[in-house]
Every structure is written in structure tokens, then in C-alpha cells.
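**Student:** Here you go, one structure.
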Amino acid sequence: MKIDAENLEDHQVKLTVEVDYDQLEGAKRKAAKKIAKRIKVPGFRPGKAPYQVIQRQVGDEVLFEESLEIIVNDIYPEVIEKAEIEPYGPGNLENVASLEPLTLEFIVPLMSEVELSDYHEIRFPYEPPEITDQEVEAVEEDFRQRQAVEETVDRQAEAGDHIYIKLSARRFEEDGESEDGNLIGERSTSVIIADEEADRSTEWPFDGFSRELVGMAAGEDKTLIYAYPEDSQFETLQDVTAEFSIQVEDVKARILPELDDEFAQSLGEYEDLEALQKEIRESLEQRSDETYNAEYDDQILDAIIEGSSIKYPPQMLENELNNVIQQLESRLANQGLDMDIYLKTRDMDEQGLRDEATPVAETRVNRSLILLEIAQKEEIEVSEEELQQETERTLDSITSYMSDSDRKQFDTPNAMVNLAGNIYAELRMNRTLEYLRTVAKGELETETISEDEDESATDEAEALADDAKVEEHIGEHEELESVQESEVDDEESEGEQPGADQEEVEVDQEAAE
């Protein structure tokens, strides 16, 4: 068997294989036996017809096609071994170049190759922001707002009141004539009037809307015109002039609890207000550090990638692209959407989505290969004990909210092996990122982070996350603005905006991290 190898530009290799005559004949006879078991040959029991009889009955073309599959399966492992290549995955038979002699052409993807830049010389200033007293106070105020007691009042609305209104909006022409086109169909909603000095830039349905309600009482109506700027946070309303109709249904004063030890104790097992404030600060610091470290890691990895040589076959990118699409489908399912609806709202076909997601997949592949290469070079590993502990912790966390029937999916050995494998890879990559972070800060040149340091960092993170209630409240506090934005998406869907019947879900570029 003669083999010629040609390296292709996309990190694959073309193998041209000339098959020996005896190998071809042997494959034909195996094929004839298989065919004989499937067809009826007069005068012969199934599978007992001679080779020549099968050849005459089915023809040389059918016999060759059957034998080709056999010969490929028989010779492929030997071809890979003799070619002395390390494939990334199975190759494909691309062409039958010749029949006499039989010459086959295979395209085989190769394992990735990474030539690292000198990442030990990378330096970036490490200056995580400090949590201010104002940020802690903002969370405390959010807690108070959530515990507020409301009562209806017979007076004009003031700052801090909760106003219940009927609201509608439609387009408005510059000449003062309204055109037939609803932006917001009439609906009941409520608004808390912001203080005059408060940041109102994220209010819905436009910046500063709540202040328009100051001085209104129950039963009063109001019409106002608002021109959305061209850089409005609501993209479908940019440069749109709208006429809003408002009818006040109810005005409620909000009585906030005192910020004292009793209030802190009502939120959880806190000895006093100081203990609550300490927990808030620690949780904010953890979130801030995680965000800053993610951005810092991006800087490091981008710098390493820029100076490194990374080669991988198209199949590797295709596999990661499929992962990106599957994760998008999962996020859509969590929002009650499916891929067909999503593509329609984006006015996009499946290929367009894959084109849009390709840069995300490319970034993921590059970063994964860089981290894996550095982990191998620096001999960064995860101990069996640590892997077992993390696997058990993750399994407990995953299954704690599952029914008994759902938990059974983890009872199989394969499921546990896959879970442990994913956890091992994540732990190893995180440890590698921590090592690179230490190098970039100038605190460590080429030594790996010790297991004691890593375990200490893990223990600290777990301690900060123990109080789930405070963590959840802080997360909700930071997302209040996004909730307001999602409301305007709902309202726009009631109008006649093309493609506005579903919330647009962009491919998450940050997923590349």
C-alpha cells in the first residue's frame, strides 16, 4: 500500500492511498458474502452462493460499492499509522481517484498546534475598584424599598409615591397631526416617582417619565409629547416622536422601615445593622472582583493570542459553533421562545445566525487552546481529592431542585464520567487563569499557584456566597434597570413595529469569555 501525504492550508492533510490488488480482491469477496445473505439466489441457500454467481447477479458496480466501504474500514487505521499523523477526528473519503490501481483520497483533520508567545513577560496593572459607602447604601435603600408599606392617599403625587396609571402612546407627526400607529396599547402600569436629584436615565417609557407625574391626583388625565433621541436606549424608538396619554388611577404613599438593627434582623440571621452592612460590602466586593478579573483575563488572553501561532482544523471550529448555537437555544427556551421565532424576529435564516456566531466560536477555540497549552507546559493539574469534592458539591447543587425521576439521569456511570470531566476541565482552566493573572501582575514569574493558595481562594469565595439571600437581593438590585427596559420591549411588541413581536436575543459575545 502506497501513501502520499499533502498538508492543506486549513490544518488538514490529504492522504492519497494506492490500494494493493490483493486487498481489493479480499474486500470484494467479503462484500459478496454480505450481499449473498441479503438476496435470494436460485439454487443456493442464503449466504452460500459463490463469489462469481453474486458478481453476475448484482453486477460489478454494486459489488465495488459494497467492497469500498469494507476496504476503507480495513485499511484506514493502517493508513493513519503509516502516515504518522495525529488526527483530531475521523477523516473522510473524498474521492476515488483511480480504479486501476484503486487509488483513494482521504481528508483528515489534524490535532491543533499551538506555539505560545512569551507569556511570562506580559504585564498589566491590576487595580480592581473599591466598593464605596454609596454603593452599600444603595443596596440598603433597595432593601428598604422592598419592605415598604403602601397606603392610598387623597392628594397630589409627590416624589417617592407609587402611582398607578393607565398609559398608552402613539406616533406623533412633527406638524402636530397624529398618525394611525400605536406604540403602546392602553394598559395599566405603575411608577414610583424618583427624587429630583436621582438618576432617571433608565426610566421607562423614557428618561425622566416619573417626574411628569408629580402634582397629579387620582382621576386626573395628562397628555404629553416626547421626542426620543437618535441614541435612545430603546433602539426601535430612536428618532420617534410619541404622544403619551396618562390617566392616574391611584396614588399611594410608601412608608419605609427605619434603617436599624431590627430592620437588619428582619432580613436574615444578622446580629445588627453593622453585620448586614458587612455582608453587603463583601458580596459587592466579590461581584466586583469577578467582573474585574474577567476583564483582566480578557486582556491577558488577547495579548497571548496576538503573539502566538494557533492552528486547528475547521471541524474543531464547527463543533464549537454547534455548542454556541445549542447554548443560545437553551437561553431562548428559558425565555419561552424557540429558534424559529427567534430567527423570524431577527429576519435571519439559520446560516445567517451561524455566520454571526462564528466569531464567538473562534474566540472560544483560541482561548481554550491557549489555556490548555499553558496548563500542560506549566504542569497545572487538579488533584483527585479536589475533583471528587467539587463533583460531589456540584452534583448536590444540581440535583437539589430536581425531582426523583430527573435525578436518575445522573445514576449512570457515563453521566458521572462526563460531569467529572467537565468539572476537571473547568477547574484546570480556572487555575491556569489564576496563574496567568499572577504573572501579569508581576507577582510570579514562572511558578504555578500552589494548591493551598487555590483552596484558600475557593474557601473565601464560598464563604462570601454563603448568604444566598443578600446575594440574590444585590443581583436583583443591579438588574432593576434591565427590567424596565424589558417592559418597553413588551410594549413595542403591541404596536406595528416590524419584527417587534418577540424580544430580540442577541448572540452573547461575552460567552466567548
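Naming works like this for the C-alpha cells: A, B, ... for the chains as they're shown, residue 1 at the start of each chain, ligands 1 onward in shown order.
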As a ChimeraX atom specification, list the residues of range 255-434 of chain A assigned to alpha helix (DSSP H) by DSSP on the backbone atoms of this structure.
**Tutor:** /A:261-267,273-307,314-334,339-345,350-377,384-399,404-407,413-434
**Student:** Quick one: of A:Ser330, A:Asn422, A:Gln156, A:Thr202, who's nearest to Thr391 in chain A, counting only C-alpha atoms?
**Tutor:**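 Closest to Thr391 in chain A, using only C-alpha atoms: A:Asn422.
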**Student:** Would you pick out the contacts of Glu151 in chain A at 7 Å or less, using only C-alpha atoms, so that residues sharing its chain but fewer than 3 positions from it are not included, and give the list as a list in words?
**Tutor:**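 That gives Lys252, Ala253 and Arg254 of chain A.
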**Student:** How would the residues just picked look written out with N, CA and C atoms as a PDB file, in the first residue's frame?
**Tutor:**
```pdb
ATOM      1  N   LYS A 252     -50.400  56.159  45.956  1.00  0.00           N
ATOM      2  CA  LYS A 252     -50.105  55.502  47.229  1.00  0.00           C
ATOM      3  C   LYS A 252     -48.790  56.027  47.787  1.00  0.00           C
ATOM      4  N   ALA A 253     -48.853  56.419  49.058  1.00  0.00           N
ATOM      5  CA  ALA A 253     -47.626  56.814  49.746  1.00  0.00           C
ATOM      6  C   ALA A 253     -46.899  55.557  50.205  1.00  0.00           C
ATOM      7  N   ARG A 254     -45.601  55.633  50.229  1.00  0.00           N
ATOM      8  CA  ARG A 254     -44.786  54.480  50.619  1.00  0.00           C
ATOM      9  C   ARG A 254     -44.064  54.810  51.922  1.00  0.00           C
TER      10      ARG A 254
END
```
**Student:** Measuring between only C-alpha atoms, which one of A:Lys377, A:Lys166, A:Arg364, A:Arg29 shows the shortest distance to Leu301 in chain A?
**Tutor:** A:Arg364
